[in-house]
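What follows is a short report on a single structure.
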Amino acid sequence: MNHTTEQHNHQFVFDGRLKSITGGLALIGLACLLATYFLDGEYSHSIFWSNLLHNAVFFTGVSFAALFFICVHTIGWGGWHVVFKRVPEAMMMFLPVGAVLIAIVGIAVMLDVKGTDFLYMWSDSKLLETDHLLQQKSPFLNPTVYLLTIAVVAIWALFAAIIRKLSVSQDKDAKLGETNLYKMRFWAAIFLPIAGFSSAFAIWQWVMSVDAHWYSTLFAWYSSVSLWVSSLSLILLIVAFLQSRNLLPGFTREHMHDMGKYIFGFSVFWTYLWFSQFMLIWYANNGEETQYFFIRFEQFKPLFFINLLINFVIPFFTLMMNSAKRTLGTVGFIAGLVCFGHWVDYFLMLKPGVWHNYEHTLHEHHDAHHDHLHYSVGESSHTPIGSLNNNQNDNGRATLTYYTQPEPTTDTTQSDSTNTAANTDTTATIAPVTAEPKADDKGTTETAHAHSHEHAHFVMGIHMPGLLDLGTMLGFLGLFLFVTFTYLEKASLYPKNDPFLAESENHHT
Amino acid sequence: MRKYNKTVLYGLYNDEEILKSAVVAIKGKQVDIWDVFTPFPVHGLDPLLGLKESRLHIAGFFYGLMGTSIAFGFMTWVFTRDWPIIFGGKPYFSAPSFIPITFEFTVLMAAVGMVITFYLVCGLGPGVTNPYLDNRITDDKFCIALDITNYSAEEIEQLSSLLKNTDAEEIHTKTI
C-alpha cells in the first residue's frame with residue numbers, strides 16, 4: 001500500500017493558470033480596495049480602513065491558526081494529519097505578508113492618517129484630552145503598543161519558518177524524520193504558550209479596541225475560535241482542491257471525517273463562547289457593556305442573525321449526521337460557508353464599532369456640550385428612551401441609566417410610565433434588545449428622529465458587506481492562496497520520512 | 001437467567017485480526033454466523049458481518065429534540081402564563097435566559113433516552129442475566145458462534161472443521 005502511494009505524483013505545480021487566477025483575484029481585490037477609497041470620501045475613508053484592517057486581521061489569523069494546528073498536533077503526538085500536513089505548513093507562511101498588512105494599518109494609525117481615527121478612538125488625541133476612560137486605558141491602547149502587534153506577528157512568522165524548515169527537511173534524509181520531529185516538538189512547546197498570550201494581546205489591539213470603551217474578557221477566546229474554524233475549513237478546501245488534481249492519495253474519507261468533526265465541534269464551541277459572552281452582558285445589562293450588543297442588534301440586525309445562522313445552525317444540523325462528515329460535497333460546502341461566515345463574524349466585530357466611532361466624531365463637531373461617557377453609550381441609539389435621557393440630562397451618567405433604570409426624579413411622566421411598565425410586559429423597554437417605540441413615547445420619538453437626522457441608517461460596506469467589500473475579501477483570499485500555493489510547490493506533498501506517516505495512511509475513525 | 005433454547009457451536013480466537021479473517025472465510029462458505037463476541041469493539045467488524053448502521057443515534061436526536069421542546073416550552077409556560085416573575089428587569093419571555101437550561105435538558109434527555117433504548121433493545125437491565133458462552137470472552141478471547149440447533153451430526157462435524165480451518169484455538173458446543 002505504502003509502496004504504491006510513494007510512487008504516486010506528489011509534486012504540486014503552481015502553474016500559470018493558477019497563478020493568473022489567484023493573482024487576478026488579488027488584483028481585483030486591490031482594485032476594489034482602491035475603489036472603496038475613492039468612493040467612501042463621504043465617510044472619511046472609514047470603510048476603506050476598516051476593510052483593510054478586517055481582511056488583514058482575518059487572513060493573518062487564519063494563517064496563525066494553521067501554525068497552531070501544526071503545533072498542537074505535533075505536541076500531542078498527533079499522527080493522523082501527516083498526509084496533508086504540507087497544506088497548513090504552506091498556509092502558515094502567509095504570516096510575513098500578514099505582518100506587512102498589519103504594519104500598514106499600524107503605521108497609518110501612528111501617523112494619524114485621515115480615517116484611522118474611526119478605527120481607533122484612542123488614537124484621536126483631541127478626544128483623549130477629555131475622555132476619562134480612554135485616558136485610563138491609554139497605557140495599553142496607544143499607537144506604540146499597537147505597533148508591538150507587528151512584532152507579535154513577526155514572532156509567529158519566525159516560528160512558522162523554523163517549524164516549516166524542520167518539517168520539510170525531513171524529506172532529505174530518513175534519519176532526520178525522527179530527529180526533526182523532536183526538534184519540532186521543542187519549538188511547538190515554546191510556541192504554544194506564546195501563541196496563547198500573544199494572540200489575545202493582538203486581538204485586543206486589532207479588534208476589541210475598535211470599541212475602545214468596551215471590553216470583554218471572553219473576546220479573545222471567541223474571536224480566536226472564529227479564526228480556528230476558518231482555518232480548519234480552508235485547510236479542508238485546499239486539500240479537496242489538491243485531491244481533485246489527484247495529488248493527495250493518502251487523504252481518505254477517514255481524514256475527512258475527522259476534519260468534519262473538527263469543524264462541527266468547533267462551530268459548536270464558537271457558539272458556546274459567543275453565547276456565553278452575549279448572555280452575561282445581556283443579563284447584567286450594564287450600560288458600558290451592553291452598548292456593544294445594543295448597536296449590533298439595533299443597527300445590524302440582519303447580520304446579527306445571519307452570523308448565528310451560518311456559523312451555528314446550518315453547520316450544526318448539516319454535519320450532525322455521520323454520513324455528511326464523510327461526503328466531500330457536504331463537508332466542502334459547509335467548510336466554504338463557515339469560512340465565509342467567520343469572515344462575516346469579523347465584519348460584525350469591526351464595522352459597528354467603526355460606524356459608532358464615525359457617528360460619534362460627527363457629533364463631536366456638531367455639539368460641543370456632549371459628555372464622553374454619553375457618547376460611548378447612548379448616542380447611536382435612536383430609541384425613544386435613550387434619546388429622552390440624552391435630551392433631558394446634562395449629567396453624563398444619564399444615558400447609562402437608559403440601560404439600567406430610568407431615573408424617576410428627572411421627569412414625572414417618565415417615572416409614571418416606568419411604574420406602569422414594571423407590572424406588565426412593557427418592562428421590555430428597559431432591556432435594550434427588546435426596546436421598541438411605544439405609543440406613550442410618540443413625542444420623544446420625533447425628538448429622537450430630529451436629533452439623529454444626519455445619521456444614515458444603511459450604508460453599504462458598513463451595515464452589510466457590499467460588492468466592493470466582497471471583492472476585497474476575494475482579493476485577500478487570492479493573495480493568501482497565491483502565497484500558500486507558492487510554498488506548497490516548494491516541497492513534496494508526501495512527507496515520506498515523517499515517523500507518523502504510516503499511522504496517518506492507515507488512519508481509521 | 002434468560003433462555004435462548006439454542007445449541008451453539010463456537011470457536012475461540014486469540015487475535016482480532018485472525019477473527020476478522022475467520023469471519024470473512026466463514027461468510028465466504030455461505031455459513032450464517034449467529035453472533036460474534038469480543039472483549040472490546042473491533043474496528044471494521046460490522047461491515048464484515050453485514051450489520052447495518054445502528055439507528056440509536058437517530059433515536060438520540062429525537063430524544064434531544066424532545067428535551068429541547070419540553071424544557072423551552074415548560075419555561076415559557078411557567079414564566080409567561082403560570083407564574084410570571086420579573087427577573088432583573090427582563091421581560092417575562094426572555095429566551096436567552098432559557099437557553100442554558102434548555103441545552104442541559106436536551107443533553108440529559110438525549111443521554112438518558114439513548115441509554116434506556118439501548119438497554120431495552122439489548123435485553124439488558126437491572127436483575128437481568130444473560131447466558132454466556134465462555135468466561136474468557138470478556139477477557140482475552142474472541143468468539144464466533146454458529147447456531148446449530150436443528151443440525152445433523154454430520155453438518156455439525158463440517159462446521160467444526162470449518163472453524164478449525166480458520167485457526168480457532170478451541171471449539172466447543174453449548175446449549176443456552
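Chain labels run A, B, ... following the order of the C-alpha cells; each chain numbers its residues from 1, and ligands are numbered from 1 in the order shown.
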
Polymer residues at most 7 Å from A:Ala202, only C-alpha atoms, same-chain spacing of 4 or more positions, as a PDB file with all heavy atoms, in the first residue's frame:
ATOM      1  N   THR A 149       2.129  44.778  18.011  1.00  0.00           N
ATOM      2  CA  THR A 149       1.444  43.626  17.422  1.00  0.00           C
ATOM      3  C   THR A 149       2.141  43.186  16.124  1.00  0.00           C
ATOM      4  O   THR A 149       2.067  42.029  15.747  1.00  0.00           O
ATOM      5  CB  THR A 149      -0.030  43.934  17.115  1.00  0.00           C
ATOM      6  OG1 THR A 149      -0.102  45.009  16.191  1.00  0.00           O
ATOM      7  CG2 THR A 149      -0.803  44.248  18.370  1.00  0.00           C
ATOM      8  N   SER A 198      -0.037  35.905  23.212  1.00  0.00           N
ATOM      9  CA  SER A 198       0.166  36.970  22.228  1.00  0.00           C
ATOM     10  C   SER A 198      -1.041  37.123  21.309  1.00  0.00           C
ATOM     11  O   SER A 198      -1.342  38.228  20.874  1.00  0.00           O
ATOM     12  CB  SER A 198       1.428  36.701  21.407  1.00  0.00           C
ATOM     13  OG  SER A 198       1.281  35.502  20.690  1.00  0.00           O
ATOM     14  N   TRP A 206      -6.170  44.800  17.849  1.00  0.00           N
ATOM     15  CA  TRP A 206      -6.690  44.955  16.486  1.00  0.00           C
ATOM     16  C   TRP A 206      -8.198  45.122  16.470  1.00  0.00           C
ATOM     17  O   TRP A 206      -8.720  45.962  15.770  1.00  0.00           O
ATOM     18  CB  TRP A 206      -6.352  43.707  15.640  1.00  0.00           C
ATOM     19  CG  TRP A 206      -4.912  43.480  15.391  1.00  0.00           C
ATOM     20  CD1 TRP A 206      -3.929  44.420  15.379  1.00  0.00           C
ATOM     21  CD2 TRP A 206      -4.282  42.227  15.130  1.00  0.00           C
ATOM     22  NE1 TRP A 206      -2.724  43.818  15.115  1.00  0.00           N
ATOM     23  CE2 TRP A 206      -2.912  42.483  14.953  1.00  0.00           C
ATOM     24  CE3 TRP A 206      -4.734  40.915  15.001  1.00  0.00           C
ATOM     25  CZ2 TRP A 206      -1.993  41.475  14.676  1.00  0.00           C
ATOM     26  CZ3 TRP A 206      -3.833  39.917  14.712  1.00  0.00           C
ATOM     27  CH2 TRP A 206      -2.463  40.196  14.561  1.00  0.00           C
TER      28      TRP A 206
END

Just list as an NGL selection string whatever in chain B DSSP marks as helix (DSSP H, G or I). :B and (16-28 or 45-49 or 56-82 or 95-122 or 135-138 or 153-165)

Point-to-point distance in Å for atom CA of B:His57 and atom CA of A:Leu232: 25.8 Å

Counting only C-alpha atoms, what is within 7 Å of B:Phe142, bar same-chain residues fewer than 3 positions away, as an mmCIF file with N, CA and C atoms, in the first residue's frame?
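Printed below is around_3.cif as written:
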data_model
loop_
_atom_site.group_PDB
_atom_site.id
_atom_site.type_symbol
_atom_site.label_atom_id
_atom_site.label_comp_id
_atom_site.auth_asym_id
_atom_site.auth_seq_id
_atom_site.Cartn_x
_atom_site.Cartn_y
_atom_site.Cartn_z
ATOM 1 N N LEU B 12 -13.075 -20.177 19.604
ATOM 2 C CA LEU B 12 -12.396 -19.062 20.289
ATOM 3 C C LEU B 12 -11.104 -18.740 19.557
ATOM 4 N N TYR B 13 -10.866 -17.438 19.389
ATOM 5 C CA TYR B 13 -9.667 -16.983 18.668
ATOM 6 C C TYR B 13 -8.842 -16.106 19.597
ATOM 7 N N ASN B 14 -7.552 -16.034 19.272
ATOM 8 C CA ASN B 14 -6.650 -15.278 20.141
ATOM 9 C C ASN B 14 -6.467 -13.833 19.727
ATOM 10 N N ASP B 15 -6.809 -13.524 18.492
ATOM 11 C CA ASP B 15 -6.447 -12.195 17.996
ATOM 12 C C ASP B 15 -7.559 -11.636 17.116
ATOM 13 N N GLU B 16 -7.712 -10.333 17.160
ATOM 14 C CA GLU B 16 -8.799 -9.735 16.394
ATOM 15 C C GLU B 16 -8.598 -9.870 14.886
ATOM 16 N N LEU B 19 -9.608 -13.251 13.933
ATOM 17 C CA LEU B 19 -11.074 -13.270 13.994
ATOM 18 C C LEU B 19 -11.671 -12.692 12.722
ATOM 19 N N PHE B 37 -18.547 -12.441 19.569
ATOM 20 C CA PHE B 37 -18.324 -11.810 20.874
ATOM 21 C C PHE B 37 -16.866 -11.421 21.001
ATOM 22 N N THR B 38 -16.627 -10.171 21.405
ATOM 23 C CA THR B 38 -15.244 -9.712 21.545
ATOM 24 C C THR B 38 -15.101 -8.945 22.859
ATOM 25 N N PRO B 39 -13.913 -8.965 23.439
ATOM 26 C CA PRO B 39 -13.725 -8.234 24.707
ATOM 27 C C PRO B 39 -13.791 -6.719 24.530
ATOM 28 N N ILE B 137 -14.437 -14.636 27.102
ATOM 29 C CA ILE B 137 -14.835 -13.685 26.043
ATOM 30 C C ILE B 137 -14.754 -12.249 26.551
#

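Atom CA of A:Gln205 sits 19.3 Å away from atom CA of A:Val344.
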
Compute the chain B side of the contact with chain A at 12 Å, counting only C-alpha atoms, and hand it back as an MDAnalysis selection string. chainID B and resid 42:44 53:55 57:58 60:61 65 79:81 84:100 103

Generate the output file for the selected residues, N, CA, C and O atoms, as a CSV table (one decimal), in the first residue's frame.
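Dumped to selection-v2.csv:
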chain,number,residue,atom,x,y,z
B,42,VAL,N,-14.2,-4.2,18.0
B,42,VAL,CA,-13.2,-4.5,16.9
B,42,VAL,C,-13.5,-3.6,15.7
B,42,VAL,O,-14.6,-3.7,15.2
B,43,HIS,N,-12.5,-2.8,15.3
B,43,HIS,CA,-12.7,-1.9,14.2
B,43,HIS,C,-13.0,-2.6,12.9
B,43,HIS,O,-12.2,-3.5,12.6
B,44,GLY,N,-14.0,-2.3,12.2
B,44,GLY,CA,-14.2,-2.8,10.9
B,44,GLY,C,-14.9,-4.2,10.9
B,44,GLY,O,-15.0,-4.8,9.8
B,53,GLU,N,-25.9,0.0,10.0
B,53,GLU,CA,-25.5,1.1,11.0
B,53,GLU,C,-26.6,1.2,12.0
B,53,GLU,O,-27.8,1.1,11.7
B,54,SER,N,-26.2,1.4,13.3
B,54,SER,CA,-27.1,1.5,14.4
B,54,SER,C,-28.0,2.7,14.2
B,54,SER,O,-27.6,3.7,13.7
B,55,ARG,N,-29.3,2.5,14.6
B,55,ARG,CA,-30.2,3.7,14.5
B,55,ARG,C,-30.3,4.4,15.8
B,55,ARG,O,-31.2,5.3,16.0
B,57,HIS,N,-28.4,6.5,17.3
B,57,HIS,CA,-28.2,8.0,17.3
B,57,HIS,C,-29.3,8.8,16.7
B,57,HIS,O,-29.6,9.9,17.1
B,58,ILE,N,-30.1,8.1,15.8
B,58,ILE,CA,-31.3,8.8,15.3
B,58,ILE,C,-32.3,9.0,16.4
B,58,ILE,O,-32.9,10.1,16.6
B,60,GLY,N,-31.5,9.1,19.5
B,60,GLY,CA,-30.9,10.2,20.3
B,60,GLY,C,-31.3,11.6,19.9
B,60,GLY,O,-31.6,12.4,20.7
B,61,PHE,N,-31.2,11.8,18.5
B,61,PHE,CA,-31.6,13.1,18.0
B,61,PHE,C,-33.0,13.5,18.4
B,61,PHE,O,-33.3,14.6,18.9
B,65,LEU,N,-34.4,16.5,20.7
B,65,LEU,CA,-35.4,17.4,20.2
B,65,LEU,C,-36.5,17.5,21.2
B,65,LEU,O,-37.1,18.6,21.5
B,79,PHE,N,-43.1,31.0,32.9
B,79,PHE,CA,-42.8,32.4,33.1
B,79,PHE,C,-43.7,33.4,32.4
B,79,PHE,O,-43.6,34.6,32.6
B,80,THR,N,-44.5,32.9,31.5
B,80,THR,CA,-45.5,33.8,30.8
B,80,THR,C,-46.9,33.6,31.3
B,80,THR,O,-47.7,34.5,31.3
B,81,ARG,N,-47.3,32.4,31.6
B,81,ARG,CA,-48.7,32.1,31.9
B,81,ARG,C,-48.9,31.7,33.4
B,81,ARG,O,-49.7,32.3,34.1
B,84,PRO,N,-45.8,34.4,36.3
B,84,PRO,CA,-44.9,35.4,35.7
B,84,PRO,C,-44.1,36.1,36.8
B,84,PRO,O,-44.7,36.6,37.7
B,85,ILE,N,-42.8,36.1,36.7
B,85,ILE,CA,-42.0,36.9,37.6
B,85,ILE,C,-41.0,37.7,36.8
B,85,ILE,O,-40.5,37.2,35.8
B,86,ILE,N,-40.7,38.9,37.3
B,86,ILE,CA,-39.7,39.7,36.6
B,86,ILE,C,-38.3,39.4,37.2
B,86,ILE,O,-38.2,39.6,38.4
B,87,PHE,N,-37.4,39.0,36.4
B,87,PHE,CA,-36.0,38.9,36.9
B,87,PHE,C,-35.1,39.9,36.3
B,87,PHE,O,-35.1,40.0,35.1
B,88,GLY,N,-34.5,40.7,37.1
B,88,GLY,CA,-33.5,41.7,36.6
B,88,GLY,C,-34.1,42.6,35.6
B,88,GLY,O,-33.4,43.0,34.7
B,89,GLY,N,-35.4,43.0,35.7
B,89,GLY,CA,-35.9,43.9,34.8
B,89,GLY,C,-36.1,43.4,33.4
B,89,GLY,O,-36.3,44.1,32.4
B,90,LYS,N,-36.0,42.1,33.2
B,90,LYS,CA,-36.2,41.5,31.9
B,90,LYS,C,-37.7,41.2,31.6
B,90,LYS,O,-38.5,41.0,32.5
B,91,PRO,N,-38.0,41.1,30.3
B,91,PRO,CA,-39.4,40.7,30.0
B,91,PRO,C,-39.7,39.3,30.5
B,91,PRO,O,-38.8,38.5,30.7
B,92,TYR,N,-41.0,39.0,30.6
B,92,TYR,CA,-41.3,37.6,31.1
B,92,TYR,C,-40.8,36.6,30.2
B,92,TYR,O,-40.2,35.6,30.6
B,93,PHE,N,-41.0,36.8,28.9
B,93,PHE,CA,-40.4,35.8,27.9
B,93,PHE,C,-39.0,36.3,27.5
B,93,PHE,O,-38.8,37.1,26.6
B,94,SER,N,-38.0,35.7,28.2
B,94,SER,CA,-36.6,36.1,28.0
B,94,SER,C,-35.9,34.9,27.4
B,94,SER,O,-35.3,34.2,28.2
B,95,ALA,N,-36.0,34.7,26.1
B,95,ALA,CA,-35.4,33.5,25.5
B,95,ALA,C,-34.0,33.2,25.9
B,95,ALA,O,-33.6,32.1,26.2
B,96,PRO,N,-33.1,34.3,25.8
B,96,PRO,CA,-31.7,33.9,26.1
B,96,PRO,C,-31.5,33.3,27.5
B,96,PRO,O,-30.6,32.4,27.6
B,97,SER,N,-32.3,33.7,28.5
B,97,SER,CA,-32.1,33.1,29.8
B,97,SER,C,-32.6,31.7,29.9
B,97,SER,O,-32.3,30.9,30.8
B,98,PHE,N,-33.4,31.2,28.9
B,98,PHE,CA,-33.9,29.9,28.9
B,98,PHE,C,-32.9,28.9,28.2
B,98,PHE,O,-32.9,27.7,28.4
B,99,ILE,N,-32.0,29.5,27.5
B,99,ILE,CA,-31.1,28.6,26.6
B,99,ILE,C,-30.2,27.7,27.5
B,99,ILE,O,-30.1,26.5,27.2
B,100,PRO,N,-29.5,28.1,28.5
B,100,PRO,CA,-28.7,27.2,29.3
B,100,PRO,C,-29.4,26.0,29.8
B,100,PRO,O,-29.0,24.8,29.6
B,103,PHE,N,-30.5,23.8,26.9
B,103,PHE,CA,-29.3,23.0,26.5
B,103,PHE,C,-29.1,21.8,27.4
B,103,PHE,O,-28.9,20.6,26.9

Students should find that atom CA of A:Gly332 and atom CA of A:Met256 are spaced 9.5 Å
